[in-house]
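Structure first, then comments.
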Amino acid sequence: MSTPAATHPGISAGGRDHRRLFATEDIACRLRKALDSWDADNHGPTSSLTGRGAIAEFEAEVAKYVPGRHVVAVSSGSAALRICLEIAGVGPNTEVICAAYDWPAAIAAVKSLGAQPVFAAVNEETFTIDPADVMAKVTPRTRVVVATHVFGIPADAVRIRNLLEPLGIVLIEDCAQAFGARLDRRPVGSIGQLAAFSFGPGKTIDAGEGGAVAVENAADFLAVLRASQHPLRQLLHGIHPQTMDGFQQRLHPAAAILGLVELRSVDDRLCGARRMAVELIAALLDRRGRLVGVDVRREPSWYRLPVVLADTDIEVPGVTFADPGAQILAEHALSQAVRSSLKRLRAAVVQRRP
Ligand SMILES: Cc1ncc(COP(=O)(O)O)c(C=O)c1O
């Protein structure tokens, strides 16, 4: 009999990620179990309506990485960011401070709510939003600051929250690239009042598509349910939906199952990435160029290992460094090369498992 690994194109054993090889059986098993317990009312483990079954299990496992937070699984990292902004009161005539160097999801979410993104500079040592420039950009319209942990490198979230709290401005952590990263031993996602995670393709927890919101208090937890989940799940938490104006942004239960299987190997993979990063950093230190995000307070998840070229001597075929855009391209190329080394290690670590 052929194994699902050989027949299922979405979880094929080939391609870039050998984790799939041993995980496929686990995924098939969990999916079968979920399907076997399907019930006619469609409220069983294959349904996302109540948030029970695989969804609840996935949320509980993710919550172990964000201590002290309530976690709600949603359809994507972008949805998670938009929900955070919405429940923080972002809308027309408000401003949100975002990093000038970032993946554009936060900016798109801000604009979709009719609010104004305002850009703050990034710190050259970490590529993450600079607390001093954040404060320089605050106006009476500022509702939220989004601190993205770019490349898995923790932003100065503790400092930013301490500066913002007296002003009544909310800190949202964008942890899409940083699952498992820590700042001063505190896991990312557990520092701001609100945090968004992505479980999309290529992320540390790759569920195909998916996301999660992590919140600090019970009122925000209920607000997230109201904004994103089915009325049945809301009722289970004592919410009596009156306006029904929440938008359907639930995680697919099959994605929760994929995510659960990813979570089983995540500690090994983070450990492997960190070991490899130490080797690469040691190897790169004696070259011209500058490493980013390397300091004693930060334990990045190394979604990427960025390197800033110090001069134009490093040859990258087809790139002329007289052009500043080309310099950026070269930095990207180098960081991609390092990332594929990390991936190879990730695969090697997982293959050693029984
Ligand atoms: C920093 C950051 N934020 C948000 C997102 C959006 O996540 P998703 O693709 O799940 O919507 C991404 C995706 O790459 C990201 O890198």
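Residue names in the structure tokens use chain letters A, B, ... in the order shown, residue numbers from 1 in each chain, and ligand numbers from 1 in the order shown.
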
Close residues to ligand 1 using only C-alpha atoms and all ligand atoms, limit 8 Å, as a ChimeraX atom specification
/A:75-81,102-106,148-151,174-177,196-201,203,209-211

Any idea what's packed within 12 Å of A:Ala254, counting only C-alpha atoms, ignoring anything in its chain fewer than 5 positions away? Could you give it as JSON, numbers by chain?
{"A": [27, 28, 29, 30, 31, 32, 33, 34, 35, 45, 46, 47, 48, 53, 54, 55, 58, 75, 207, 208, 209, 210, 259, 260, 261]}

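The shortest atom-to-atom distance to A:Ala273, with only C-alpha atoms taken into account, belongs to A:Gly180 out of A:Ala147, A:Val296, A:Gly180, A:Asp245.
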
Which polymer residues have any atom within 12 Å of an atom of stretch 129-142 of chain A, counting only C-alpha atoms, with same-chain residues fewer than 3 positions away left out, as a PyMOL selection string?
chain A and resi 85+88-102+110+115-126+145-150+153-165+167-171+173-174

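The nearest approach to A:Val308 among the residues A:Ala218, A:Val62, A:Val292, A:Val188, with only C-alpha atoms taken into account, belongs to A:Val292.
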
Quote the spacing between atom CA of A:Ala109 and atom CA of A:Glu299 in Å to one decimal place.
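Atom-to-atom, atom CA of A:Ala109 to atom CA of A:Glu299, that is 27.9 Å.
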
As an MDAnalysis selection string, which residues of stretch 117-325 of chain A does DSSP assign to helix (DSSP H, G or I)?
chainID A and resid 131:137 150:152 157:167 218:228 231:236 253:285 324:325

Using only C-alpha atoms, which of the listed residues (A:Ile239, A:Leu263, A:Glu86, A:Ala256) sits closest to A:Lys64?
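Comparing A:Ile239, A:Leu263, A:Glu86, A:Ala256 against A:Lys64, the winner is A:Leu263.
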
Given the choices A:Thr50, A:Ile205, A:Gly192, A:Leu305, which gets closest to A:His237 if the distance is worked out from only C-alpha atoms?
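Smallest separation from A:His237 among the options: A:Thr50.
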
Work out how far apart atom CA of A:Arg143 and atom CA of A:His230 are and give it in Å to one decimal.
27.5 Å

Enter the distance from atom CA of A:Arg185 to atom CA of A:Ala283, in Å, rounded to one decimal.
25.8 Å

Compare A:Leu280, A:Ala255, A:Val294, A:Ile87 by their minimum atom-to-atom distance to A:Glu57, counting only C-alpha atoms, and give me the closest one.
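Of A:Leu280, A:Ala255, A:Val294, A:Ile87, the one nearest A:Glu57, counting only C-alpha atoms, is A:Ala255.
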
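Closest approach to A:Ser301 from the set A:Val72, A:Leu251, A:Ala60, A:Leu183 is made by A:Leu183, with distances taken over only C-alpha atoms.
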
Mind the document's chain letters and residue numbers, and return as a ChimeraX atom specification the residues of stretch 38-194 of chain A that DSSP labels strand (DSSP E).
/A:70-74,95-99,116-120,142-148,170-174,182-183,186-187,194

Can you pull out the residues contacting A:Pro187? Cut-off 7 Å, using only C-alpha atoms, and skip same-chain residues under 6 positions away; I want them as an mmCIF file with N, CA and C atoms, in the first residue's frame.
```cif
data_model
loop_
_atom_site.group_PDB
_atom_site.id
_atom_site.type_symbol
_atom_site.label_atom_id
_atom_site.label_comp_id
_atom_site.auth_asym_id
_atom_site.auth_seq_id
_atom_site.Cartn_x
_atom_site.Cartn_y
_atom_site.Cartn_z
ATOM 1 N N TYR A 65 3.766 28.506 24.582
ATOM 2 C CA TYR A 65 4.899 29.341 24.146
ATOM 3 C C TYR A 65 4.652 30.825 24.414
ATOM 4 N N VAL A 66 3.459 31.158 24.911
ATOM 5 C CA VAL A 66 3.155 32.555 25.271
ATOM 6 C C VAL A 66 2.523 32.572 26.656
ATOM 7 N N GLY A 180 8.812 31.339 19.211
ATOM 8 C CA GLY A 180 9.852 30.720 20.056
ATOM 9 C C GLY A 180 11.014 31.635 20.391
ATOM 10 N N ALA A 181 11.041 32.861 19.835
ATOM 11 C CA ALA A 181 12.142 33.779 20.170
ATOM 12 C C ALA A 181 11.916 34.366 21.558
#
```
